[in-house]
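Structure first, then comments.
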Amino acid sequence: MPDLFTDQLSAYLDSELDELRRRRLETHLGECAECRAVLGDLRALIAAAPNYRGREPLRDLWPAIEAGLEELGILPITPAGPPAGPPTRFSWPQLIAASLLMAAIGGGAAWLALRGPSDRPAGATALAPDGPTIPRSIAYAEAQYDVAVADLTSIVEEGRSRLDTATVRVIDESLRKIDLALAEARAAIQRDSTNVYLNRQVAANMRRKLTLLRRAADAIART
Amino acid sequence: MTSALPDLDQADVALAVTGDHAAFERLYRRHVPRVMSLARWLLDGGDADDAVQEVFIRVWQKLHTFAGQSSFGTWLHRVAVNLMLRLCKNLGLSRQRHAADPAELETISAPTERPDLRVAIERAVEQLPRGAREVFVLHDMEGYKHEEVAAMLEVDPGTSRSQLHRARMLLRQLLAT
């Protein structure tokens with residue numbers, strides 16, 4: 001088994017030998033059982049290598065990953081506990097669900113494009129007058145979201161005089177930025193209704209608005 | 001990997017991109033073993049847990065850019081490899097490791113058991129010298145071309161080729177019963 005030929009086996013298997021060297025090696029392989037055995041071993045190795053199974057981590061890393069996402073403020077859905085603070089007409093999970101569903105309807109057919117027809121429950125759709133067919137649950141969530149925002153906005157408006165001016169200024173400025181971002185995302189969706197990223201942006205900003213209003217209402221309730 | 005996985009991945013990616021973190025957790029659980037092995041091989045095990053966490057956080061952030069032109073697994077591994085090699089670079093791991101070191105080869109011992117070839121390969125890869133291991137993992141396990149491997153590792157394509165042959169021959173030796 002001359003090294004000259006052994007050293008060419010990898011390149012041969014990767015089809016990287018020129019014609020002359022390939023023919024010389026093949027002639028040699030026809031005469032050398034040892035080189036043929038090495039070639040067979042390498043071929044089996046190369047065939048098996050991409051199919052590695054991998055090893056589980058020694059500890060579950062998901063909780064840390066989830067915490068990292070939440071820390072960055074980019075995890076859209078958080079486990080929701082019972083709402084605290086002033087009474088509202090809707091539970092916190094309902095508001096979250098509403099915001100997510102609203103994000104879907106905000107993009108027209110985007111939600112439906114993402115989900116196959118088989119994912120839709122029977123009878124769960126309603127025909128929009130001038131648009132795509134939309135699930136009733138989404139239309140319901142849209143109404144819930146609007147009412148929830150109006151409800152919380154009303155609480156904040158009525159109680160804003162009980163907050164210090166700096167806090168009021170922060171709330172107003174944050175709401176202005178969120179509404180602007182929402183308007184921009186919605187306008188962009190009109191041009192690209194199936195853009196998943198834009199739908200996520202809308203969903204994220206709707207959640208931010210609800211969170212902000214909720215916190216403001218909590219602050220008022222504590223005064 | 002079974003053929004059903006890409007379908008499951010596709011469905012979960014569609015859900016995750018809308019903010020469904022339960023779907024993203026399913027993607028994590030399905031793919032974490034291979035990403036963890038990648039981290040062990042490319043980072044020498046030291047910061048593997050941290051690297052894997054960072055990979056999945058990065059993947060969540062970039063999920064909206066996944067166009068579905070390749071499988072999710074392929075895309076995920078590209079993100080993982082790029083991040084891990086960048087970590088290596090930031091850690092200042094020397095490119096000297098790509099020079100052949102006969103003394104290093106002497107420390108390699110044969111694996112004691114061989115349940116099947118795939119598992120045996122995974123264990124044997126851990127025993128390869130670092131330079132040969134990186135090239136073998138990137139080329140033979142992850143499917144990168146020599147030119148890509150060379151660019152990633154900042155070596156010549158010729159070095160990538162010679163390290164690959166060296167890795168394969170060492171693995172053959174390690175796997176010999």
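In the structure tokens, the first chain shown is A, the next is B, and so on; residue numbers restart at 1 for each chain, and ligands run from 1 in the order shown.
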
Counting only C-alpha atoms, what are the residues of chain B within 6 Å of chain A, and for each of them which pair of atoms is the nearest and at what distance in Å, to one decimal? Sort the table by chain and rising number, as JSON lines.
{"residue": "B:Ala14", "atom": "CA", "partner": "A:Leu114", "partner_atom": "CA", "distance": 5.9}
{"residue": "B:Thr18", "atom": "CA", "partner": "A:Arg200", "partner_atom": "CA", "distance": 5.9}
{"residue": "B:Gly19", "atom": "CA", "partner": "A:Pro76", "partner_atom": "CA", "distance": 5.2}
{"residue": "B:Pro33", "atom": "CA", "partner": "A:Gly54", "partner_atom": "CA", "distance": 4.4}
{"residue": "B:Arg34", "atom": "CA", "partner": "A:Gly54", "partner_atom": "CA", "distance": 4.0}
{"residue": "B:Ser37", "atom": "CA", "partner": "A:Gly54", "partner_atom": "CA", "distance": 5.1}
{"residue": "B:Gln53", "atom": "CA", "partner": "A:Ile65", "partner_atom": "CA", "distance": 5.5}
{"residue": "B:His64", "atom": "CA", "partner": "A:Tyr197", "partner_atom": "CA", "distance": 5.5}
{"residue": "B:Arg118", "atom": "CA", "partner": "A:Tyr52", "partner_atom": "CA", "distance": 5.7}
{"residue": "B:Met141", "atom": "CA", "partner": "A:Pro50", "partner_atom": "CA", "distance": 4.1}
{"residue": "B:His165", "atom": "CA", "partner": "A:Ser10", "partner_atom": "CA", "distance": 5.6}

How would the residues just picked look written out with C-alpha atoms as a tab-separated table (two decimals), in the first residue's frame?
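Output contents, as saved in selection-v2.tsv:
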chain	number	residue	atom	x	y	z
B	14	ALA	CA	-44.71	28.52	10.69
B	18	THR	CA	-45.94	34.06	14.64
B	19	GLY	CA	-44.73	33.97	18.23
B	33	PRO	CA	-28.65	16.92	20.33
B	34	ARG	CA	-26.93	17.64	17.02
B	37	SER	CA	-22.50	17.80	19.52
B	53	GLN	CA	-28.31	28.66	24.26
B	64	HIS	CA	-38.36	35.58	10.08
B	118	ARG	CA	-22.59	6.46	13.61
B	141	MET	CA	-20.61	16.01	8.83
B	165	HIS	CA	-7.57	13.20	4.74

Discussion item. Could you check the closest approach to A:Leu39 for each of B:Leu87, B:Leu38, B:Val55, B:Met169 and tell me which residue wins, using only C-alpha atoms?
Written reply: B:Met169

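Considering only C-alpha atoms, the residue among B:Leu8, B:Ile57, B:Ala48, B:Ala124 positioned nearest to B:Leu175 is B:Ala124.
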
Worksheet item: What lies within 10 Å of A:Cys35 using only C-alpha atoms, ignoring chain neighbours under 5 positions off, as a count of residues only?
Response: 12
